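Have a look at the structure below, then the notes.
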Amino acid sequence: MNVRLYLVQRATAAIMAPLVLAHLAVIYYATGHSLSAADILGRTRGSMAWGLAYSLFVLVVSAHAAIGVRVVVAEWTPLRGSRLDVLMWTIGIALLALGLRAVAAVVLP
Amino acid sequence: MVHRISGLALAIFLPLHFLALGLAIKGEANLDGFLKWTANPVVKLAEMGLVFLLVVHLLGGIRVLVIETFGWREGQKRAAVFAWGFACLAALVFFIRAL
């Protein structure tokens with residue numbers, strides 16, 4: 001992992017710490033209240049706050065997961081160099097696309 | 001090692017999580033059908049595992065950030081035991097609430 005990736009990894013971790021705590025609170029609330037799809041979408045659809053918070057979450061988690069997997073693959077397998085970069089970018093872009101699609105699905109009216 | 005395994009497992013789970021939420025793009029009924037499936041106790045057990053992984057990875061990550069920023073070194077074993085204990089407790093509380 002080069003210095004730039006290291007800094008992105010630590011910065012995304014720092015941004016995500018409060019987001020994960022908030023996400024855990026949402027998980028506990030949703031399971032405790034046995035929310036249906038209608039209950040959930042009723043709260044999220046058309047909400048700018050949910051849309052912005054979760055878009056940020058998706059952006060940082062995509063970068064963090066892609067870099068993290070790159071580190072683990074570099075440690076545990078013989079894969080090196082540009083192949084690691086291709087793997088990292090593929091994971092990052094795929095997660096970003098799927099994540100933003102999920103945010104759009106629950107936020108757009 | 002716990003931080004690596006939990007991170008890898010969460011990275012594998014993430015696209016599935018996004019695909020499940022994305023079901024709502026085709027209408028509320030699709031997501032509702034999926035949520036009804038998640039009421040299965042086996043799925044709840046798997047979700048408890050996910051909560052454990054998320055909490056243990058969060059605490060491990062905070063530990064890394066604090067060590068690198070402030071140079072804290074003492075009590076690492078105690079910190080590891082606390083992370084495991086707290087993550088287990090958080091997962092158990094989730095499971096009890098979900099049942």
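Within each chain, counting starts at residue 1; across the structure tokens, chains are named A, B, ... in the order shown, with ligands numbered 1 upward in that order.
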
Might you pull out every residue within 10 Å of Arg70 in chain A, with only C-alpha atoms counted and same-chain residues fewer than 5 positions away left off, and present them as an NGL selection string? :A and (1 or 64-65 or 75 or 79-80 or 83-89 or 91)

Let's have the selection written as a PDB file, in the first residue's frame, with N, CA and C atoms.
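The resulting file, part_36.pdb, is reproduced below:
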```
ATOM      1  N   MET A   1       0.858  -1.199   0.000  1.00  0.00           N
ATOM      2  CA  MET A   1       0.000   0.000   0.000  1.00  0.00           C
ATOM      3  C   MET A   1       0.891   1.245   0.000  1.00  0.00           C
ATOM      4  N   HIS A  64     -12.802   2.377   1.050  1.00  0.00           N
ATOM      5  CA  HIS A  64     -12.199   1.669   2.191  1.00  0.00           C
ATOM      6  C   HIS A  64     -12.154   0.157   1.946  1.00  0.00           C
ATOM      7  N   ALA A  65     -13.263  -0.399   1.456  1.00  0.00           N
ATOM      8  CA  ALA A  65     -13.325  -1.850   1.214  1.00  0.00           C
ATOM      9  C   ALA A  65     -12.371  -2.240   0.085  1.00  0.00           C
ATOM     10  N   GLU A  75      -1.192  -9.478   0.902  1.00  0.00           N
ATOM     11  CA  GLU A  75      -0.556 -10.224   1.994  1.00  0.00           C
ATOM     12  C   GLU A  75      -0.721 -11.738   1.852  1.00  0.00           C
ATOM     13  N   LEU A  79      -0.469 -12.313  -5.861  1.00  0.00           N
ATOM     14  CA  LEU A  79      -0.873 -11.237  -6.783  1.00  0.00           C
ATOM     15  C   LEU A  79      -0.118  -9.931  -6.467  1.00  0.00           C
ATOM     16  N   ARG A  80       0.452  -9.295  -7.487  1.00  0.00           N
ATOM     17  CA  ARG A  80       1.249  -8.080  -7.274  1.00  0.00           C
ATOM     18  C   ARG A  80       1.003  -7.053  -8.379  1.00  0.00           C
ATOM     19  N   ARG A  83      -2.048  -5.813 -11.341  1.00  0.00           N
ATOM     20  CA  ARG A  83      -3.216  -6.689 -11.132  1.00  0.00           C
ATOM     21  C   ARG A  83      -3.937  -6.337  -9.828  1.00  0.00           C
ATOM     22  N   LEU A  84      -3.154  -5.964  -8.828  1.00  0.00           N
ATOM     23  CA  LEU A  84      -3.755  -5.532  -7.554  1.00  0.00           C
ATOM     24  C   LEU A  84      -4.550  -4.251  -7.759  1.00  0.00           C
ATOM     25  N   ASP A  85      -4.002  -3.344  -8.571  1.00  0.00           N
ATOM     26  CA  ASP A  85      -4.703  -2.079  -8.838  1.00  0.00           C
ATOM     27  C   ASP A  85      -6.006  -2.325  -9.589  1.00  0.00           C
ATOM     28  N   VAL A  86      -5.955  -3.241 -10.574  1.00  0.00           N
ATOM     29  CA  VAL A  86      -7.168  -3.568 -11.339  1.00  0.00           C
ATOM     30  C   VAL A  86      -8.226  -4.145 -10.400  1.00  0.00           C
ATOM     31  N   LEU A  87      -7.790  -5.050  -9.509  1.00  0.00           N
ATOM     32  CA  LEU A  87      -8.708  -5.657  -8.540  1.00  0.00           C
ATOM     33  C   LEU A  87      -9.338  -4.576  -7.659  1.00  0.00           C
ATOM     34  N   MET A  88      -8.493  -3.687  -7.141  1.00  0.00           N
ATOM     35  CA  MET A  88      -8.967  -2.626  -6.238  1.00  0.00           C
ATOM     36  C   MET A  88      -9.984  -1.716  -6.944  1.00  0.00           C
ATOM     37  N   TRP A  89      -9.647  -1.270  -8.151  1.00  0.00           N
ATOM     38  CA  TRP A  89     -10.555  -0.366  -8.867  1.00  0.00           C
ATOM     39  C   TRP A  89     -11.858  -1.067  -9.254  1.00  0.00           C
ATOM     40  N   ILE A  91     -13.341  -3.559  -7.631  1.00  0.00           N
ATOM     41  CA  ILE A  91     -14.155  -3.681  -6.411  1.00  0.00           C
ATOM     42  C   ILE A  91     -14.741  -2.325  -6.039  1.00  0.00           C
TER      43      ILE A  91
END
```

For Thr38 in chain B, work out the shell of residues within 12 Å, counting only C-alpha atoms and skipping chain neighbours fewer than 2 positions away, then give it as a PyMOL selection string. (chain A and resi 31+34-37) or (chain B and resi 20+31-36+40-48+98-99)

Per residue of chain B within 6 Å of chain A, what are the shortest atom pair and its distance in Å to one decimal, counting only C-alpha atoms, with rows by chain and residue number, as CSV?
```
residue,atom,partner,partner_atom,distance
B:Ala11,CA,A:Ala65,CA,5.7
B:Phe18,CA,A:Ala102,CA,5.3
B:Leu21,CA,A:Ala102,CA,5.2
B:Gly22,CA,A:Ala102,CA,4.2
B:Ala24,CA,A:Ala105,CA,5.3
B:Ile25,CA,A:Ala105,CA,4.3
B:Leu31,CA,A:Ala37,CA,5.9
B:Asp32,CA,A:Ala37,CA,4.8
B:Arg97,CA,A:Gly32,CA,5.2
B:Ala98,CA,A:Thr31,CA,5.2
```

Surrounding residues of range 77-92 of chain B excluding itself and chain neighbours under 6 positions, 7 Å, only C-alpha atoms, as a PyMOL selection string: chain B and resi 48-49+51-52+55-56+59

Give the alpha helix (DSSP H) residues of chain B, as assigned by DSSP on the backbone, as a PyMOL selection string. chain B and resi 2-22+28-37+41-70+76-98
